[in-house]
$ cat protein-v6.tsv   # TSV, C-alpha atoms
chain	number	residue	atom	x	y	z
A	956	MET	CA	-24.24	57.54	-87.37
A	957	ILE	CA	-22.26	57.08	-84.13
A	958	LYS	CA	-20.18	60.07	-83.12
A	959	LYS	CA	-16.58	59.50	-82.11
A	960	HIS	CA	-17.05	60.65	-78.53
A	961	ASP	CA	-20.17	58.50	-78.15
A	962	ARG	CA	-18.39	55.22	-78.79
A	963	HIS	CA	-17.47	53.26	-75.67
A	964	ILE	CA	-15.97	49.81	-75.16
A	965	GLY	CA	-16.32	48.03	-71.82
A	966	TYR	CA	-13.47	45.96	-70.38
A	967	PHE	CA	-14.24	43.76	-67.35
A	968	ARG	CA	-11.79	41.67	-65.40
A	969	VAL	CA	-11.93	39.45	-62.32
A	970	SER	CA	-9.08	37.75	-60.52
A	971	THR	CA	-10.42	34.22	-59.92
A	972	ASP	CA	-12.53	31.62	-61.65
A	973	LYS	CA	-14.88	31.74	-58.67
A	974	GLN	CA	-15.92	35.23	-59.78
A	975	GLY	CA	-16.10	33.95	-63.38
A	976	LEU	CA	-17.55	35.63	-66.43
A	977	ASP	CA	-21.05	35.15	-65.00
A	978	GLY	CA	-20.12	35.84	-61.39
A	979	ASN	CA	-21.00	38.77	-59.18
A	980	GLY	CA	-17.64	40.46	-59.65
A	981	MET	CA	-17.98	40.64	-63.42
A	982	ASP	CA	-21.68	41.50	-63.29
A	983	SER	CA	-21.00	44.36	-60.88
A	984	GLN	CA	-18.36	45.84	-63.20
A	985	ARG	CA	-20.70	45.51	-66.16
A	986	GLN	CA	-23.47	47.40	-64.38
A	987	ILE	CA	-21.10	50.19	-63.32
A	988	VAL	CA	-19.83	50.64	-66.88
A	989	ARG	CA	-23.30	50.60	-68.42
A	990	ARG	CA	-24.59	53.20	-65.95
A	991	PHE	CA	-21.58	55.41	-66.66
A	992	VAL	CA	-22.01	55.22	-70.43
A	993	GLU	CA	-25.73	55.98	-70.09
A	994	SER	CA	-24.94	59.01	-67.96
A	995	GLN	CA	-22.72	60.28	-70.79
A	996	ASN	CA	-25.47	59.67	-73.37
A	997	GLY	CA	-23.03	57.36	-75.07
A	998	ILE	CA	-23.26	53.97	-76.75
A	999	LEU	CA	-21.62	50.83	-75.36
A	1000	GLU	CA	-20.66	49.12	-78.61
A	1001	ARG	CA	-18.76	46.10	-77.33
A	1002	GLU	CA	-17.82	44.37	-74.09
A	1003	PHE	CA	-14.65	42.38	-73.45
A	1004	SER	CA	-14.32	40.15	-70.38
A	1005	GLU	CA	-11.69	37.83	-68.98
A	1006	VAL	CA	-10.59	36.06	-65.84
A	1007	GLU	CA	-7.06	36.72	-64.61
A	1008	SER	CA	-4.74	33.75	-64.32
A	1009	GLY	CA	-1.42	33.64	-62.52
A	1010	LYS	CA	0.22	31.87	-65.46
A	1011	TYR	CA	-0.43	34.78	-67.82
A	1012	SER	CA	1.09	38.25	-67.91
A	1013	ASP	CA	-0.90	41.22	-69.19
A	1014	SER	CA	0.88	40.91	-72.54
A	1015	ASP	CA	-0.77	37.48	-72.94
A	1016	ARG	CA	-4.35	38.54	-72.07
A	1017	PRO	CA	-6.29	38.15	-75.32
A	1018	GLN	CA	-9.39	40.11	-74.30
A	1019	LEU	CA	-7.37	43.13	-73.16
A	1020	ALA	CA	-5.46	43.04	-76.45
A	1021	ALA	CA	-8.71	42.72	-78.40
A	1022	ALA	CA	-10.34	45.61	-76.52
A	1023	LEU	CA	-7.38	47.93	-77.11
A	1024	ASP	CA	-7.17	46.93	-80.77
A	1025	TYR	CA	-10.90	47.54	-81.27
A	1026	CYS	CA	-10.65	50.97	-79.66
A	1027	LYS	CA	-7.72	51.93	-81.90
A	1028	ARG	CA	-9.44	50.81	-85.09
A	1029	ASN	CA	-12.78	52.41	-84.24
A	1030	LYS	CA	-11.53	55.46	-82.32
A	1031	ALA	CA	-13.58	54.41	-79.31
A	1032	THR	CA	-13.06	55.04	-75.60
A	1033	LEU	CA	-12.18	52.13	-73.32
A	1034	VAL	CA	-14.25	52.14	-70.11
A	1035	ILE	CA	-13.02	50.37	-66.97
A	1036	ALA	CA	-15.29	50.00	-63.95
A	1037	LYS	CA	-12.72	50.15	-61.18
A	1038	LEU	CA	-9.18	51.38	-61.51
A	1039	ASP	CA	-8.51	50.76	-57.81
A	1040	ARG	CA	-8.42	46.98	-58.21
A	1041	LEU	CA	-5.84	47.32	-61.02
A	1042	ALA	CA	-3.84	50.21	-59.57
A	1043	ARG	CA	-1.12	47.88	-58.21
A	1044	ASN	CA	-0.68	46.12	-61.55
A	1045	ALA	CA	2.23	48.02	-63.11
A	1046	GLU	CA	2.19	45.98	-66.32
A	1047	PHE	CA	-1.50	46.70	-66.96
A	1048	LEU	CA	-1.13	50.41	-66.21
A	1049	LEU	CA	1.88	50.83	-68.48
A	1050	ARG	CA	0.16	48.97	-71.28
A	1051	LEU	CA	-2.88	51.21	-70.89
A	1052	GLN	CA	-0.68	54.31	-70.90
A	1053	ASN	CA	1.29	53.26	-73.98
A	1054	SER	CA	-1.67	52.00	-75.98
A	1055	GLY	CA	-2.62	55.42	-77.36
A	1056	VAL	CA	-6.25	54.60	-76.57
A	1057	ASP	CA	-8.57	57.06	-74.85
A	1058	PHE	CA	-9.93	55.58	-71.65
A	1059	VAL	CA	-12.04	56.42	-68.63
A	1060	CYS	CA	-12.26	54.75	-65.21
A	1061	CYS	CA	-15.69	54.98	-63.61
A	1062	ASP	CA	-14.30	55.17	-60.07
A	1063	CYS	CA	-11.66	57.73	-61.06
A	1064	PRO	CA	-13.00	59.71	-64.02
A	1065	ASN	CA	-10.19	62.27	-63.90
A	1066	ALA	CA	-7.50	59.65	-64.45
A	1067	ASP	CA	-5.49	60.08	-67.65
A	1068	ARG	CA	-2.33	58.69	-69.24
A	1069	PHE	CA	-0.15	60.81	-66.98
A	1070	THR	CA	-2.01	59.60	-63.90
A	1071	VAL	CA	-1.74	55.91	-64.73
A	1072	GLY	CA	1.92	56.41	-65.56
A	1073	ILE	CA	2.52	57.66	-62.02
A	1074	LEU	CA	0.44	54.81	-60.59
A	1075	ALA	CA	2.50	52.33	-62.58
A	1076	LEU	CA	5.75	53.70	-61.15
A	1077	VAL	CA	4.31	53.63	-57.63
A	1078	ALA	CA	3.08	50.05	-58.14
A	1079	GLN	CA	6.47	48.91	-59.36
A	1080	ARG	CA	8.24	50.70	-56.51
A	1081	GLU	CA	5.86	49.15	-53.98
A	1082	ARG	CA	6.71	45.68	-55.29
A	1083	GLU	CA	10.41	46.43	-54.91
A	1084	LEU	CA	9.93	47.82	-51.39
A	1085	ILE	CA	7.92	44.79	-50.27
A	1086	SER	CA	10.62	42.48	-51.57
A	1087	GLU	CA	13.36	44.52	-49.90
A	1088	ARG	CA	11.49	44.76	-46.59
A	1089	THR	CA	10.90	41.03	-46.58
A	1090	ARG	CA	14.58	40.35	-47.20
A	1091	LEU	CA	15.70	42.78	-44.50
A	1092	GLY	CA	13.08	41.49	-42.08
A	1093	LEU	CA	14.23	37.92	-42.49
A	1094	ALA	CA	17.86	38.97	-42.08
A	1095	ALA	CA	17.02	40.91	-38.90
A	1096	ALA	CA	15.06	37.98	-37.49
A	1097	LYS	CA	17.91	35.61	-38.24
A	1098	SER	CA	20.45	37.94	-36.56
A	1099	LYS	CA	18.34	37.85	-33.40
A	1100	GLY	CA	18.46	34.09	-33.30
A	1101	VAL	CA	14.98	33.47	-34.68
A	1102	LYS	CA	14.75	30.06	-36.29
A	1103	LEU	CA	13.37	30.90	-39.68
A	1104	GLY	CA	12.07	27.41	-40.23
A	1105	THR	CA	9.57	27.69	-37.40
A	1106	PRO	CA	6.85	28.55	-36.98
A	1107	ASN	CA	6.36	30.85	-39.98
A	1108	PRO	CA	8.89	33.65	-40.45
A	1109	GLN	CA	7.39	34.72	-43.78
A	1110	LYS	CA	4.08	35.32	-42.07
A	1111	ALA	CA	5.78	37.26	-39.29
A	1112	VAL	CA	7.67	39.44	-41.75
A	1113	ALA	CA	4.49	39.98	-43.78
A	1114	ALA	CA	2.80	41.18	-40.60
A	1115	MET	CA	5.67	43.59	-39.99
A	1116	VAL	CA	5.42	44.93	-43.55
A	1117	THR	CA	1.66	45.34	-43.20
A	1118	ALA	CA	2.08	47.25	-39.93
A	1119	ASN	CA	4.68	49.52	-41.53
A	1120	LYS	CA	2.40	50.20	-44.50
A	1121	THR	CA	-0.43	51.03	-42.11
A	1122	ARG	CA	1.73	53.52	-40.22
A	1123	LYS	CA	2.81	55.03	-43.52
A	1124	SER	CA	-0.79	55.35	-44.74
A	1125	ASP	CA	-1.89	56.92	-41.45
A	1126	PHE	CA	0.92	59.48	-41.62
A	1127	THR	CA	0.17	60.30	-45.26
A	1128	ALA	CA	-3.51	60.78	-44.45
A	1129	LYS	CA	-2.56	63.30	-41.75
A	1130	VAL	CA	0.08	65.28	-43.61
A	1131	MET	CA	-1.37	65.40	-47.15
A	1132	PRO	CA	-4.20	67.82	-46.22
A	1133	ILE	CA	-1.54	70.13	-44.74
A	1134	ILE	CA	0.55	69.93	-47.92
A	1135	GLN	CA	-2.50	70.56	-50.06
A	1136	GLY	CA	-3.37	73.57	-47.93
A	1137	ILE	CA	0.15	74.93	-48.43
A	1138	GLN	CA	-0.16	74.39	-52.18
A	1139	SER	CA	-3.54	76.10	-52.30
A	1140	ALA	CA	-1.94	79.12	-50.62
A	1141	GLY	CA	0.30	79.49	-53.65
A	1142	VAL	CA	3.43	77.58	-52.56
A	1143	GLU	CA	4.22	75.34	-55.50
A	1144	THR	CA	7.87	74.29	-55.19
A	1145	LEU	CA	8.98	71.25	-53.20
A	1146	GLN	CA	11.50	73.40	-51.33
A	1147	GLY	CA	8.82	75.92	-50.44
A	1148	ILE	CA	6.50	73.21	-49.12
A	1149	ALA	CA	9.35	71.68	-47.10
A	1150	ASP	CA	10.16	75.07	-45.59
A	1151	CYS	CA	6.52	75.62	-44.59
A	1152	LEU	CA	6.30	72.21	-42.93
A	1153	ASN	CA	9.53	72.79	-41.03
A	1154	ARG	CA	8.41	76.26	-39.88
A	1155	ARG	CA	5.23	74.72	-38.54
A	1156	GLY	CA	7.24	72.22	-36.55
A	1157	ILE	CA	5.82	69.21	-38.36
A	1158	PRO	CA	8.38	66.38	-38.53
A	1159	THR	CA	8.57	63.65	-41.16
A	1160	ARG	CA	7.35	60.16	-40.27
A	1161	SER	CA	10.88	59.33	-39.05
A	1162	GLY	CA	10.98	62.50	-36.91
A	1163	LYS	CA	13.39	64.40	-39.17
A	1164	THR	CA	13.16	67.71	-41.02
A	1165	TRP	CA	11.58	68.01	-44.44
A	1166	HIS	CA	13.54	68.29	-47.67
A	1167	PRO	CA	12.31	68.56	-51.28
A	1168	SER	CA	12.92	64.83	-51.77
A	1169	THR	CA	10.82	63.84	-48.75
A	1170	VAL	CA	8.00	66.11	-49.88
A	1171	ARG	CA	8.17	64.57	-53.37
A	1172	ASN	CA	8.13	61.06	-51.95
A	1173	ILE	CA	5.02	61.55	-49.87
A	1174	ILE	CA	3.15	63.34	-52.65
A	1175	LYS	CA	3.93	60.46	-54.99
A	1176	GLY	CA	3.18	57.81	-52.39
A	1177	GLY	CA	6.77	56.83	-51.67
A	1178	ASP	CA	8.35	56.15	-48.32
A	1179	LEU	CA	10.03	58.68	-46.02
$ encode --input "protein-v6.tsv" --output "structure tokens"
Amino acid sequence: MIKKHDRHIGYFRVSTDKQGLDGNGMDSQRQIVRRFVESQNGILEREFSEVESGKYSDSDRPQLAAALDYCKRNKATLVIAKLDRLARNAEFLLRLQNSGVDFVCCDCPNADRFTVGILALVAQRERELISERTRLGLAAAKSKGVKLGTPNPQKAVAAMVTANKTRKSDFTAKVMPIIQGIQSAGVETLQGIADCLNRRGIPTRSGKTWHPSTVRNIIKGGDL
């Protein structure tokens, strides 16, 4: 008899037909999931695979729906090889969070419904920020007399957005260890963390003083 906690269902997903159901991308995910289940002394009962298509939303993906339904009916755990490649897909993350299904991500085993909920909000916010930055970038270029029809303003704005994201990531990588050190010292409130950063003379990415909101934004991956 299979125990509840031993039952695992694999869900594999690639983004293009070139990676296909028999391609390296899918095969790699399958191997990762199988190794994980074996390490847990579990049983991989079923596998569900599909290729993403731009014309479908996550609500239309039959294999994802089938995998979640199977897990609900059989009280099994859904196993995903790599959460990182889906972490920017807000629709997928919210569906996973709201499904009521237990799941595990091999590359992020500590992820839970709360975690993916935060990731979904960050993913949605990132989409909104990219759209807003593109709009503002085009407006700024136009105000400076740049002819948007030539050579490729969208590409130029995309490069600007990418550079901004890189600067943001670099700053986060530098300041997060400091914030974590402050937290490990027993300072738990956003105001307390902000006060510690200001006392140390550490400015925000824009060169300003820290406030609870700016601390919250950087911890959650938002902008400053």
$ residues_around --input "protein-v6.tsv" --residues "Lys1163 of chain A" --least-positions-apart "5" --cutoff "12 Å" --atoms "all atoms listed in the file" --output "PDB file with C-alpha atoms, in the coordinates of the input"
ATOM      1  CA  ALA A1149       9.350  71.680 -47.100  1.00  0.00           C
ATOM      2  CA  LEU A1152       6.300  72.210 -42.930  1.00  0.00           C
ATOM      3  CA  ASN A1153       9.530  72.790 -41.030  1.00  0.00           C
ATOM      4  CA  GLY A1156       7.240  72.220 -36.550  1.00  0.00           C
ATOM      5  CA  ILE A1157       5.820  69.210 -38.360  1.00  0.00           C
ATOM      6  CA  PRO A1158       8.380  66.380 -38.530  1.00  0.00           C
ATOM      7  CA  THR A1169      10.820  63.840 -48.750  1.00  0.00           C
ATOM      8  CA  LEU A1179      10.030  58.680 -46.020  1.00  0.00           C
TER       9      LEU A1179
END
$ atom_distance --input "protein-v6.tsv" --atom1 "atom CA of Lys1123 of chain A" --atom2 "atom CA of Ile1137 of chain A"
20.7 Å
$ closest_residue --input "protein-v6.tsv" --among "A:Cys1061, A:Ile964, A:Leu1049, A:Val1006" --to "Ala1031 of chain A" --atoms "all atoms listed in the file"
A:Ile964
$ atom_distance --input "protein-v6.tsv" --atom1 "atom CA of Leu1038 of chain A" --atom2 "atom CA of Glu1005 of chain A"
15.7 Å
$ atom_distance --input "protein-v6.tsv" --atom1 "atom CA of Ala1066 of chain A" --atom2 "atom CA of Lys1027 of chain A"
19.1 Å
$ closest_residue --input "protein-v6.tsv" --among "A:Lys1097, A:Arg1122, A:Lys1129, A:His963" --to "Leu1023 of chain A" --atoms "only C-alpha atoms"
A:His963
$ closest_atom_pairs --input "protein-v6.tsv" --of "segment 1034-1095 of chain A" --to "segment 979-1001 of chain A" --cutoff "7 Å" --atoms "only C-alpha atoms" --output "tab-separated table"
residue	atom	partner	partner_atom	distance
A:Val1034	CA	A:Val988	CA	6.6
A:Ile1035	CA	A:Val988	CA	6.8
A:Ala1036	CA	A:Gln984	CA	5.2
A:Cys1061	CA	A:Phe991	CA	6.6
$ closest_residue --input "protein-v6.tsv" --among "A:Lys1120, A:Arg962, A:Arg1016, A:His1166" --to "Asn1029 of chain A" --atoms "only C-alpha atoms"
A:Arg962
$ closest_residue --input "protein-v6.tsv" --among "A:Pro1064, A:Gly965, A:Pro1167, A:Gly1092" --to "Leu1033 of chain A" --atoms "only C-alpha atoms"
A:Gly965
$ closest_residue --input "protein-v6.tsv" --among "A:Leu1019, A:Leu1076, A:Ala1128, A:Val1142" --to "Leu1051 of chain A" --atoms "all atoms listed in the file"
A:Leu1019
